[in-house]
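Notes follow once the structure below has been shown.
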Amino acid sequence: MSTATIRITRRWTDAVICEGESVRDALLRFAARERAAGRRADLTGAHLAGADLAGADLTGADLAGADLAGADLAGADLTGADLRDAVLRDADLTGAVITGAFLRSADLTRAVLRDAVLRDADLTGADLRD
C-alpha cells in the first residue's frame with residue numbers, strides 16, 4: 001500500500017495517509033504542499049479551511065462535506081473527486097483539474113476557477129456566486 005504525507009505546518013508534524021485510508025472528520029488545517037497527496041483518500045467532512053494544497057494529487061478523493069474554505073488548491077488534481085456539499089468558499093482553484101468531479105450542492109462562492117478544467121464535472125445545485 002502506498003502512502004501520502006501531509007505536513008501540518010501549524011504544528012510542524014507530519015501526518016501519513018495511506019492510499020485509500022479513511023481520515024473521516026480529520027482536522028488537517030494548513031497542510032503544506034511539499035508532499036501533499038491523497039489519491040482515493042477518504043477525507044469526508046475534513047476541516048481543511050485555509051490549507052495549502054496547491055498542486056496536491058487528490059484524484060478520486062472523497063471530500064464530501066469537507067470544509068475547504070479559503071484553501072489553496074491551485075493546480076491540484078481533483079479528477080473524479082467527490083466534493084458533494086463541500087465548502088470551497090473563497091478557495092483558489094486556479095488551473096485545477098476537476099474533470100469528472102462531483103460538486104453537487106458545493107459552496108463555490110467567490111472561488112477562483114481561472115483556467116480550471118471542469119470537463120464532465122457535476123455542478124448540480126452548486127453555488128457559484130461572486
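Ordered as shown in the C-alpha cells, chains take letters A, B, and onward, while each chain numbers its residues from 1 and ligands are numbered from 1 in the order shown.
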Give me, as JSON lines, each residue of region 29-94 of chain A that comes within 8 Å of region 103-108 of chain A, together with its shortest interatomic pair and the distance in Å at one decimal, counting only C-alpha atoms, with rows ordered by chain and rising residue number.
```
{"residue": "A:Asp82", "atom": "CA", "partner": "A:Leu103", "partner_atom": "CA", "distance": 6.8}
{"residue": "A:Leu83", "atom": "CA", "partner": "A:Leu103", "partner_atom": "CA", "distance": 4.8}
{"residue": "A:Arg84", "atom": "CA", "partner": "A:Leu103", "partner_atom": "CA", "distance": 4.8}
{"residue": "A:Asp85", "atom": "CA", "partner": "A:Ala106", "partner_atom": "CA", "distance": 4.3}
{"residue": "A:Ala86", "atom": "CA", "partner": "A:Ala106", "partner_atom": "CA", "distance": 4.8}
{"residue": "A:Val87", "atom": "CA", "partner": "A:Asp107", "partner_atom": "CA", "distance": 4.8}
{"residue": "A:Leu88", "atom": "CA", "partner": "A:Leu108", "partner_atom": "CA", "distance": 4.9}
{"residue": "A:Arg89", "atom": "CA", "partner": "A:Leu108", "partner_atom": "CA", "distance": 4.9}
{"residue": "A:Asp90", "atom": "CA", "partner": "A:Leu108", "partner_atom": "CA", "distance": 7.2}
{"residue": "A:Ala91", "atom": "CA", "partner": "A:Leu108", "partner_atom": "CA", "distance": 7.6}
```
Restricting the calculation to only C-alpha atoms, which member of A:Asp77, A:Ala56, A:Ala111, A:Val117 is positioned closest to Arg129 (chain A)? A:Ala111
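Nearest to Gly65 (chain A) of all the residues A:Asp92, A:Asp120, A:Asp115, A:Asp42 is A:Asp42, counting only C-alpha atoms.
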Write out as a list in words all residues of region 45-126 of chain A that backbone DSSP assigns to strand (DSSP E or B). His47, Asp52, Asp57, Asp62, Asp67, Asp72, Asp77, Asp82, Val87, Asp92, Val97, Phe102, Asp107, Val112, Val117 and Asp122 of chain A
Now that the selection is made, can you save its residues with C-alpha atoms as a CSV table (one decimal), in the first residue's frame?
```csv
chain,number,residue,atom,x,y,z
A,47,HIS,CA,-11.6,20.5,8.2
A,52,ASP,CA,-2.2,24.9,1.2
A,57,ASP,CA,-2.9,14.9,-6.1
A,62,ASP,CA,-13.8,11.6,-1.1
A,67,ASP,CA,-14.5,22.5,4.7
A,72,ASP,CA,-5.2,27.0,-1.9
A,77,ASP,CA,-5.7,17.3,-9.4
A,82,ASP,CA,-16.4,13.6,-4.6
A,87,VAL,CA,-17.4,24.3,1.3
A,92,ASP,CA,-8.2,29.2,-5.1
A,97,VAL,CA,-8.1,19.7,-12.9
A,102,PHE,CA,-18.9,15.6,-8.2
A,107,ASP,CA,-20.4,26.1,-2.0
A,112,VAL,CA,-11.3,31.4,-8.2
A,117,VAL,CA,-10.7,22.2,-16.1
A,122,ASP,CA,-21.4,17.7,-11.9
```
Residue among A:Gly100, A:Gly125, A:Gly95, A:Gly50 lying closest to Leu68 (chain A), counting only C-alpha atoms: A:Gly50
